[in-house]
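Enquirer: My structure is in upload-v7.tsv, and what it holds is TSV, C-alpha atoms and all ligand atoms:
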chain	number	residue	atom	x	y	z
A	1162	MET	CA	113.30	91.82	91.07
A	1163	GLY	CA	113.58	90.14	94.46
A	1164	ASP	CA	111.60	90.55	97.61
A	1165	SER	CA	113.39	93.77	98.46
A	1166	GLY	CA	111.90	95.24	95.29
A	1167	TYR	CA	108.44	94.50	96.53
A	1168	PHE	CA	109.26	95.84	99.92
A	1169	PHE	CA	110.01	99.25	98.55
A	1170	ASN	CA	107.08	99.37	96.15
A	1171	PHE	CA	104.06	98.32	98.15
A	1172	ASP	CA	103.58	101.74	99.60
A	1173	LYS	CA	101.45	103.12	96.79
A	1174	MET	CA	98.25	103.24	98.75
A	1175	SER	CA	95.29	105.43	99.22
A	1176	TYR	CA	93.22	105.87	102.30
A	1177	VAL	CA	91.00	108.29	100.53
A	1178	LYS	CA	87.26	107.87	100.26
A	1179	GLY	CA	86.19	109.67	97.11
A	1180	ARG	CA	87.91	112.95	96.44
A	1181	HIS	CA	91.37	113.51	97.76
A	1182	PRO	CA	91.13	115.48	101.02
A	1183	ALA	CA	93.47	118.34	101.75
A	1184	GLY	CA	96.28	117.61	104.16
A	1185	CYS	CA	98.19	114.61	105.39
A	1186	ILE	CA	96.35	111.28	105.20
A	1187	LEU	CA	97.84	109.98	108.44
A	1188	CYS	CA	97.09	113.21	110.30
A	1189	LEU	CA	93.50	112.85	109.08
A	1190	ALA	CA	93.44	109.19	110.18
A	1191	ARG	CA	94.89	110.19	113.55
A	1192	ASP	CA	92.04	112.70	113.89
A	1193	ARG	CA	89.49	110.07	112.76
A	1194	SER	CA	88.48	112.17	109.79
A	1195	PRO	CA	85.38	110.85	108.00
A	1196	ASP	CA	87.29	111.40	104.73
A	1197	VAL	CA	89.67	108.50	105.30
A	1198	VAL	CA	89.22	104.82	106.10
A	1199	ASP	CA	89.90	104.13	109.77
A	1200	LEU	CA	91.67	100.79	110.21
A	1201	SER	CA	93.35	101.72	113.47
A	1202	ILE	CA	93.63	98.91	116.00
A	1203	TRP	CA	95.28	100.78	118.84
A	1204	ARG	CA	96.29	104.31	119.82
A	1205	ASP	CA	97.60	106.41	122.67
A	1206	ALA	CA	98.89	109.98	123.00
A	1207	GLN	CA	102.07	109.24	121.03
A	1208	PHE	CA	101.30	106.58	118.42
A	1209	VAL	CA	98.60	104.95	116.31
A	1210	ALA	CA	98.78	101.35	115.09
A	1211	SER	CA	96.71	100.56	112.03
A	1212	VAL	CA	96.11	97.83	109.51
A	1213	ASN	CA	97.23	98.87	106.04
A	1214	LEU	CA	94.26	99.43	103.71
A	1215	TYR	CA	96.16	97.83	100.83
A	1216	PRO	CA	98.16	95.22	102.67
A	1217	TYR	CA	101.13	93.60	101.05
A	1218	ASN	CA	100.13	90.54	103.05
A	1219	PRO	CA	97.40	89.78	105.58
A	1220	GLY	CA	98.36	91.40	108.88
A	1221	HIS	CA	100.37	94.24	107.28
A	1222	LEU	CA	100.45	96.92	109.97
A	1223	MET	CA	101.71	100.48	110.26
A	1224	ILE	CA	102.77	102.28	113.42
A	1225	TYR	CA	102.92	106.06	113.10
A	1226	PRO	CA	103.58	108.87	115.54
A	1227	CYS	CA	100.68	111.17	116.32
A	1228	ARG	CA	102.99	114.09	115.64
A	1229	HIS	CA	103.51	114.79	111.95
A	1230	VAL	CA	107.21	114.01	111.63
A	1231	GLU	CA	108.91	112.92	108.41
A	1232	ASP	CA	112.28	111.68	109.65
A	1233	ILE	CA	113.05	109.11	112.34
A	1234	ARG	CA	115.59	111.53	113.79
A	1235	GLU	CA	112.72	113.82	114.75
A	1236	LEU	CA	111.37	111.26	117.20
A	1237	THR	CA	111.96	112.04	120.85
A	1238	ARG	CA	113.76	109.52	123.06
A	1239	GLU	CA	110.44	108.83	124.74
A	1240	GLU	CA	108.82	108.10	121.38
A	1241	GLU	CA	111.71	105.87	120.35
A	1242	THR	CA	111.37	103.87	123.53
A	1243	GLU	CA	107.65	103.41	123.04
A	1244	LEU	CA	108.05	102.54	119.37
A	1245	VAL	CA	110.42	99.68	120.18
A	1246	ALA	CA	108.00	98.40	122.83
A	1247	LEU	CA	105.09	98.71	120.39
A	1248	GLN	CA	106.95	96.66	117.78
A	1249	ARG	CA	107.63	93.94	120.30
A	1250	TRP	CA	104.01	93.86	121.44
A	1251	LEU	CA	102.49	93.97	117.95
A	1252	LEU	CA	104.75	91.18	116.72
A	1253	GLY	CA	103.32	89.06	119.52
A	1254	ILE	CA	99.79	90.04	118.48
A	1255	LEU	CA	100.53	89.15	114.84
A	1256	ASP	CA	102.13	85.84	115.85
A	1257	ARG	CA	98.86	84.95	117.54
A	1258	ALA	CA	96.58	86.31	114.82
A	1259	CYS	CA	98.39	85.28	111.65
A	1260	ALA	CA	101.19	82.85	112.59
A	1261	PRO	CA	103.55	84.21	109.93
A	1262	HIS	CA	106.93	82.61	109.32
A	1263	ALA	CA	108.87	85.87	109.05
A	1264	TYR	CA	108.54	89.65	109.00
A	1265	ASN	CA	109.73	92.66	107.05
A	1266	ILE	CA	109.92	95.68	109.34
A	1267	GLY	CA	110.97	99.13	108.25
A	1268	PHE	CA	110.49	102.69	107.19
A	1269	ASN	CA	110.37	104.16	103.70
A	1270	MET	CA	111.73	107.62	104.44
A	1271	GLY	CA	111.31	110.02	101.53
A	1272	ALA	CA	109.60	109.77	98.15
A	1273	ALA	CA	112.67	108.39	96.38
A	1274	ALA	CA	112.62	105.46	98.82
A	1275	GLY	CA	109.05	104.63	97.89
A	1276	ALA	CA	107.17	106.50	100.59
A	1277	SER	CA	103.85	107.77	99.23
A	1278	ILE	CA	102.91	109.29	102.59
A	1279	ASN	CA	105.38	111.77	104.07
A	1280	HIS	CA	104.16	111.26	107.62
A	1281	LEU	CA	106.64	108.81	109.14
A	1282	HIS	CA	105.25	105.28	109.48
A	1283	LEU	CA	106.81	101.96	110.36
A	1284	HIS	CA	105.65	98.98	108.31
A	1285	ILE	CA	105.36	95.55	109.89
A	1286	ILE	CA	104.74	93.00	107.14
A	1287	PRO	CA	104.13	89.35	107.96
A	1288	ARG	CA	105.65	86.91	105.49
A	1289	TYR	CA	104.27	83.48	104.74
A	1290	PRO	CA	105.94	80.40	103.31
A	1291	ARG	CA	103.57	79.96	100.38
A	1292	GLU	CA	103.97	83.38	98.84
A	1293	THR	CA	104.73	82.95	95.16
A	1294	GLY	CA	106.08	86.38	94.32
A	1295	ILE	CA	105.34	88.46	91.28
A	1296	ALA	CA	102.54	86.23	90.00
A	1297	ASP	CA	100.57	87.36	93.02
A	1298	LEU	CA	100.66	90.95	91.91
A	1299	ILE	CA	97.71	92.39	90.06
A	1300	ALA	CA	97.96	96.01	88.98
A	1301	GLY	CA	100.79	96.53	91.43
A	1302	ARG	CA	99.00	95.05	94.39
A	1303	ARG	CA	99.06	91.63	95.89
A	1304	VAL	CA	95.94	89.56	95.81
A	1305	LEU	CA	94.24	89.85	99.16
A	1306	VAL	CA	93.20	86.77	101.01
A	1307	GLU	CA	91.63	88.68	103.88
A	1308	ASP	CA	89.71	91.94	103.90
A	1309	PRO	CA	91.80	94.41	105.93
A	1310	ARG	CA	88.69	95.38	107.88
A	1311	GLU	CA	88.38	91.75	108.98
A	1312	THR	CA	92.08	91.73	109.88
A	1313	ALA	CA	91.54	94.85	112.00
A	1314	ARG	CA	88.57	93.23	113.73
A	1315	ARG	CA	90.51	90.06	114.54
A	1316	LEU	CA	93.54	91.96	115.78
A	1317	SER	CA	91.39	94.23	117.94
A	1318	GLU	CA	89.92	91.18	119.65
A	1319	ILE	CA	93.36	89.84	120.51
A	1320	ILE	CA	94.51	93.29	121.63
A	1321	ALA	CA	91.57	93.49	124.02
A	1322	GLN	CA	92.91	90.34	125.69
A	1323	ALA	CA	96.59	91.33	125.55
A	1324	PRO	CA	96.75	95.12	126.01
A	1325	PHE	CA	99.92	97.11	125.47
A	1326	SER	CA	102.06	97.96	128.44
A	1327	ILE	CA	105.34	99.74	127.90
A	1328	SER	CA	106.89	98.02	130.91
A	1329	SER	CA	105.70	94.45	130.45
A	1330	SER	CA	105.70	94.11	126.70
A	1401	ZN	ZN	100.78	113.86	109.02
What is this structure when it is put down as structure tokens?
Expert:
Amino acid sequence: MGDSGYFFNFDKMSYVKGRHPAGCILCLARDRSPDVVDLSIWRDAQFVASVNLYPYNPGHLMIYPCRHVEDIRELTREEETELVALQRWLLGILDRACAPHAYNIGFNMGAAAGASINHLHLHIIPRYPRETGIADLIAGRRVLVEDPRETARRLSEIIAQAPFSISSS
């Protein structure tokens, strides 16, 4: 199994505190429900950017639309435009925060593709030169070298100094 195998299998995550709440996890996170862990680092009326609770690597982010859509073709042109600008901006933030050597960026659309959350979300996964592959996996998850809450804190600090602008990003 190569890296692409990992890429499509890391999505088995849970944002749930205690019992599984009814409804969509990302809709609950969008609404700042007390039932789910809030690792969001940025939001506006159209999108939320969040650190992944079970990151594949330090700095693993998700961008998801505030609207519950399950297919990229449901995004409006306005949302598409902002999503591209958000990617560009967040890659700059991650370059500063984590200095990765490469990125995986993409959607898992549909359960058969590995998506465990139906609500559309774009993964941005920093890649580092010293990753060793499958030996790093324990019980299906990579060994963390940074608490995602600490990642969120560090990224939020950088974001405060380099805020998103759709025109200048
Ligand atoms: Zn949802």
Enquirer: Quick one: residues within 12 Å of Asp1205 in chain A, all atoms listed in the file counted, chain neighbours fewer than 6 positions away excluded, as a ChimeraX atom specification?
Expert: /A:1191,1224-1228,1240,1243-1244,1247,1324-1327
Enquirer: Check the smallest atom-to-atom distance from each of A:Leu1283, A:Ala1273, A:Leu1200, A:Ala1183 to Asn1213 in chain A using only C-alpha atoms, then report the winner.
Expert: A:Leu1200
Enquirer: Separation of CA of Ser1328 in chain A and CA of Val1245 in chain A, in Å?
Expert: 11.4 Å
Enquirer: Counting all atoms listed in the file, figure out which residue out of A:Val1209, A:Ile1285, A:Cys1259, A:Ala1272 gets nearest to His1229 in chain A.
Expert: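 Under the stated criterion, the closest residue is A:Val1209.
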Enquirer: Per residue of chain A within 8 Å of ligand ZN 1401 (chain A), record the nearest atom pair and its distance in Å to one decimal, counting only C-alpha atoms and all ligand atoms, with rows in chain order and ascending residue number, as a Markdown table.
Expert:
| residue | atom | partner | partner_atom | distance |
| --- | --- | --- | --- | --- |
| A:Gly1184 | CA | A:ZN1401 | ZN | 7.6 |
| A:Cys1185 | CA | A:ZN1401 | ZN | 4.5 |
| A:Ile1186 | CA | A:ZN1401 | ZN | 6.4 |
| A:Leu1187 | CA | A:ZN1401 | ZN | 4.9 |
| A:Cys1188 | CA | A:ZN1401 | ZN | 4.0 |
| A:Leu1189 | CA | A:ZN1401 | ZN | 7.3 |
| A:Cys1227 | CA | A:ZN1401 | ZN | 7.8 |
| A:Arg1228 | CA | A:ZN1401 | ZN | 7.0 |
| A:His1229 | CA | A:ZN1401 | ZN | 4.1 |
| A:Val1230 | CA | A:ZN1401 | ZN | 6.9 |
| A:Asn1279 | CA | A:ZN1401 | ZN | 7.1 |
| A:His1280 | CA | A:ZN1401 | ZN | 4.5 |
| A:Leu1281 | CA | A:ZN1401 | ZN | 7.7 |
Enquirer: Which one is closest to Thr1312 in chain A: A:Ser1277, A:Gln1207, A:Asn1218, A:Ser1194? Count only C-alpha atoms.
Expert: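 Looking at the shortest contact to Thr1312 in chain A, the residue is A:Asn1218.
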Enquirer: Hey, can you check how far CA of Gly1271 in chain A sits from CA of Ile1286 in chain A?
Expert: 19.1 Å
Enquirer: What separation in Å, quoted to one decimal, exists between CA of Ile1254 in chain A and CA of Ala1313 in chain A?
Expert: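 Computing the Euclidean distance for CA of Ile1254 in chain A and CA of Ala1313 in chain A yields 11.5 Å.
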